[in-house]
Amino acid sequence: MSPRTPTDQAVGRHGPGRAVASHGWARAIAVALAGLAAMVVVAAPGLWAAGASELPQDAFPRVVAATVVTAVGGTVELSGNAGGLADTQAGLTVIPLSVTVAGALVTAAGFLRPLRHRAVAGARELTGWAVRIAVVWLLGLLALALAARQTFAVDLGDDTLNDLGDLFGVHPEVGFATDVPLTLVTGLLWLAGVLLLALLVARGAPLPARLLRFQESVRPAAYAMVALLLACVALGLVIALVVAVTRGRPRETLAVVLLGLPNLVWLAFTLGLGATWNGRVEGPFGLPMPHVLDEVLRGEETAALNLRSMAEHDGRVWWLVAVDAVLLLGAAFVMAARSPARTRAWQHAVHMAVALVLTVLTVCLLGRVSAHYGLTVLGINDLAGLSGDLFLRAGVWSALGLAALWGAAAGLLGALAARPVHRRGGTTPPPGRG
């Protein structure tokens, strides 16, 4: 017979209600608020470093709220108004993934904590625990979404333009507000994805008995992919700190790290695999470091961002291929070492290929950037030199094909390298079935 954990014994003596009570409403409130607080703690100093604290009308808290909303997939709509003789158009689509990762890690840790030291958990228990967190999460997200709204006046640039603006009644404004219903839907889907991924990644997290047979193939691959993405972030953080020390501009570097470091390092990871991103930078907009991204994309036509185009400006980008190879081999080794010993090498290759394809697809979807602003007065475009356009999106199908090839090769090599360390034969059967 399998030994019973203290939690299992409590369930046996007092029924399932006693186990659920150990992670009831009080703990759900703590988990949901801790996740939101972690995102605020990361977003606020990042926005301060980016200069958002200097915005007028005490807008900084509202900008922080909007940043947290977008970090969980929420929608912040931009609007413009410039009087009867003018027109403004504005739009922004970007996910600050540093804020997203911080919230996901804290929320996942809080969700898993009361479930540790368990072999099996019922689907009803896991669902009830997740629903408690979701209710509190939606209430907190609703408060942030309602607070994320503001309008700013746009300075036309000099006294002459301002005088013309007063003459024609042109007082351009741009503002933002949250699409509350859509934000709640996407925020709930984000939370569900985080909780599901937490169960898939954590080896000690319990699963319903019917799903135990899937953990041998899914859990090692999921863990390896999360470790791979976090390793990219850690490597990017080291590089950012070196850049801040050697080249100065620490405030700008801090803003990038706290708001968009995963956006950059995961983009670099896909480029190292050979993927191509298409984009353009025009007008006052710009991309954060490294500067080579802005050099390739700036212009009036859509440009291809890949290793070849970047190498024309900086030959060091070819090192991305070597870095990706090392990271993938490490991830494949970890996956194989955490898999049962009976898993064959070709199965490791398939698991790694599928996992990497899904990971690259996620990066391509989350890493898209789009921003534009336009001001037209009396039919004259870009009167004050403020109009601009920025977008960046991946060539998805070619990226997924390359990910499959890289994943299969790395999975096979990782399986061969992990053969000497394999010690696990399989999963432990649930109590009463051993």
# chains A, B, ... in the order shown; residues from 1 in each chain; ligands from 1
>>> residues_around(residues="Val421 in chain A", least_positions_apart="2", cutoff="10 Å", atoms="only C-alpha atoms", output="VMD selection string")
chain A and resid 333 336 to 338 341 417 to 419 423 to 424
>>> residues_around(residues="Trp346 in chain A", least_positions_apart="4", cutoff="9 Å", atoms="only C-alpha atoms", output="mmCIF file with N, CA, C and O atoms, in the first residue's frame")
data_model
loop_
_atom_site.group_PDB
_atom_site.id
_atom_site.type_symbol
_atom_site.label_atom_id
_atom_site.label_comp_id
_atom_site.auth_asym_id
_atom_site.auth_seq_id
_atom_site.Cartn_x
_atom_site.Cartn_y
_atom_site.Cartn_z
ATOM 1 N N VAL A 350 9.807 13.721 -30.270
ATOM 2 C CA VAL A 350 8.447 14.171 -30.590
ATOM 3 C C VAL A 350 7.919 15.114 -29.516
ATOM 4 O O VAL A 350 7.342 16.165 -29.810
ATOM 5 N N HIS A 351 8.116 14.726 -28.241
ATOM 6 C CA HIS A 351 7.629 15.573 -27.146
ATOM 7 C C HIS A 351 8.288 16.951 -27.177
ATOM 8 O O HIS A 351 7.618 17.980 -27.000
ATOM 9 N N ALA A 408 12.915 18.605 -32.437
ATOM 10 C CA ALA A 408 13.171 17.184 -32.658
ATOM 11 C C ALA A 408 14.650 16.852 -32.498
ATOM 12 O O ALA A 408 15.016 15.862 -31.848
ATOM 13 N N GLY A 411 15.596 17.265 -28.785
ATOM 14 C CA GLY A 411 15.021 16.196 -27.981
ATOM 15 C C GLY A 411 15.775 14.891 -28.114
ATOM 16 O O GLY A 411 15.986 14.174 -27.125
ATOM 17 N N LEU A 412 16.211 14.576 -29.332
ATOM 18 C CA LEU A 412 16.971 13.348 -29.546
ATOM 19 C C LEU A 412 18.330 13.410 -28.849
ATOM 20 O O LEU A 412 18.736 12.463 -28.155
ATOM 21 N N ALA A 415 17.919 13.243 -25.054
ATOM 22 C CA ALA A 415 17.628 11.887 -24.577
ATOM 23 C C ALA A 415 18.902 11.052 -24.486
ATOM 24 O O ALA A 415 19.103 10.292 -23.528
#
>>> residues_around(residues="Ala332 in chain A", least_positions_apart="6", cutoff="7 Å", atoms="only C-alpha atoms", output="PDB file with C-alpha atoms, in the first residue's frame")
ATOM      1  CA  ALA A 224      11.403  22.163 -19.702  1.00  0.00           C
ATOM      2  CA  MET A 352      10.300  18.243 -27.446  1.00  0.00           C
ATOM      3  CA  ALA A 410      17.398  18.792 -29.425  1.00  0.00           C
ATOM      4  CA  GLY A 411      15.021  16.196 -27.981  1.00  0.00           C
ATOM      5  CA  GLY A 414      18.962  15.425 -24.905  1.00  0.00           C
TER       6      GLY A 414
END
>>> select_by_dssp(residues="range 171-414 of chain A", states="alpha helix (DSSP H)", output="PyMOL selection string")
chain A and resi 180-201+215-247+250-272+291-297+307-311+319-337+345-366+396-414
>>> atom_distance(atom1="CA of Ala108 in chain A", atom2="CA of Leu141 in chain A")
16.8 Å
>>> atom_distance(atom1="CA of Val292 in chain A", atom2="CA of Gly330 in chain A")
28.1 Å
>>> select_by_dssp(residues="range 162-322 of chain A", states="strand (DSSP E or B)", output="VMD selection string")
chain A and resid 173 to 178 207 277 to 282 298 303 to 305
>>> closest_atom_pairs(of="range 171-234 of chain A", to="range 58-67 of chain A", cutoff="10 Å", atoms="only C-alpha atoms", output="CSV")
residue,atom,partner,partner_atom,distance
A:Phe176,CA,A:Ala66,CA,8.5
A:Ala177,CA,A:Ala66,CA,8.1
A:Thr178,CA,A:Ala66,CA,7.4
>>> write_last_selection(atoms="C-alpha atoms", output="PDB file, in the first residue's frame")
ATOM      1  CA  PHE A 176      -7.243  55.806 -22.889  1.00  0.00           C
ATOM      2  CA  ALA A 177      -9.953  53.725 -21.292  1.00  0.00           C
ATOM      3  CA  THR A 178     -10.455  50.049 -20.641  1.00  0.00           C
TER       4      THR A 178
END
>>> residues_around(residues="Ala240 in chain A", least_positions_apart="2", cutoff="10 Å", atoms="only C-alpha atoms", output="PyMOL selection string")
chain A and resi 234-238+242-246+250+253-254+256-257+261+289-290
>>> closest_atom_pairs(of="range 249-271 of chain A", to="range 36-55 of chain A", cutoff="7 Å", atoms="only C-alpha atoms", output="JSON lines")
{"residue": "A:Arg251", "atom": "CA", "partner": "A:Ala49", "partner_atom": "CA", "distance": 5.3}
{"residue": "A:Glu252", "atom": "CA", "partner": "A:Ala49", "partner_atom": "CA", "distance": 6.4}
{"residue": "A:Leu254", "atom": "CA", "partner": "A:Ala49", "partner_atom": "CA", "distance": 6.3}
{"residue": "A:Ala255", "atom": "CA", "partner": "A:Gly46", "partner_atom": "CA", "distance": 4.4}
{"residue": "A:Leu258", "atom": "CA", "partner": "A:Gly46", "partner_atom": "CA", "distance": 4.8}
{"residue": "A:Leu259", "atom": "CA", "partner": "A:Gly46", "partner_atom": "CA", "distance": 5.7}
>>> write_last_selection(atoms="C-alpha atoms", output="compact mmCIF listing (two decimals), in the first residue's frame")
# COMPACT_ATOMS: atom_id res chain seq x y z
CA ARG A 251 17.00 54.46 -15.88
CA GLU A 252 16.17 53.50 -19.45
CA LEU A 254 15.47 49.66 -15.70
CA ALA A 255 12.34 50.59 -17.64
CA LEU A 258 10.65 45.92 -15.56
CA LEU A 259 8.27 46.34 -18.47
>>> closest_residue(among="A:Pro181, A:Gly35, A:Gly279, A:Pro340", to="Val194 in chain A", atoms="only C-alpha atoms")
A:Gly35
>>> atom_distance(atom1="CA of Pro206 in chain A", atom2="CA of Trp137 in chain A")
22.6 Å
>>> closest_residue(among="A:Leu392, A:Leu230, A:Leu366, A:Ala192", to="Leu305 in chain A", atoms="only C-alpha atoms")
A:Leu392
>>> residues_around(residues="Leu33 in chain A", least_positions_apart="6", cutoff="10 Å", atoms="only C-alpha atoms", output="list of chain:residue names")
A:Arg27, A:Met39, A:Gly103, A:Val106, A:Thr107, A:Ile133, A:Val136, A:Trp137, A:Leu139, A:Gly140, A:Leu141
>>> closest_residue(among="A:Ile95, A:Val296, A:Leu199, A:Leu207", to="Glu125 in chain A", atoms="only C-alpha atoms")
A:Leu207
>>> residues_around(residues="Ser398 in chain A", least_positions_apart="6", cutoff="9 Å", atoms="only C-alpha atoms", output="short mmCIF file (atom, residue, chain, number, x, y, z; two decimals) with all heavy atoms, in the first residue's frame")
data_model
loop_
_atom_site.label_atom_id
_atom_site.label_comp_id
_atom_site.auth_asym_id
_atom_site.auth_seq_id
_atom_site.Cartn_x
_atom_site.Cartn_y
_atom_site.Cartn_z
N GLY A 274 15.93 31.12 -36.35
CA GLY A 274 15.82 31.38 -37.77
C GLY A 274 14.52 32.03 -38.19
O GLY A 274 14.27 32.21 -39.38
N ALA A 275 13.67 32.38 -37.24
CA ALA A 275 12.38 32.97 -37.55
C ALA A 275 12.55 34.38 -38.11
O ALA A 275 13.56 35.04 -37.89
CB ALA A 275 11.49 33.01 -36.31
N THR A 276 11.53 34.82 -38.83
CA THR A 276 11.51 36.16 -39.40
C THR A 276 10.30 36.92 -38.85
O THR A 276 9.19 36.39 -38.85
CB THR A 276 11.43 36.12 -40.93
OG1 THR A 276 12.61 35.50 -41.45
CG2 THR A 276 11.31 37.52 -41.51
#
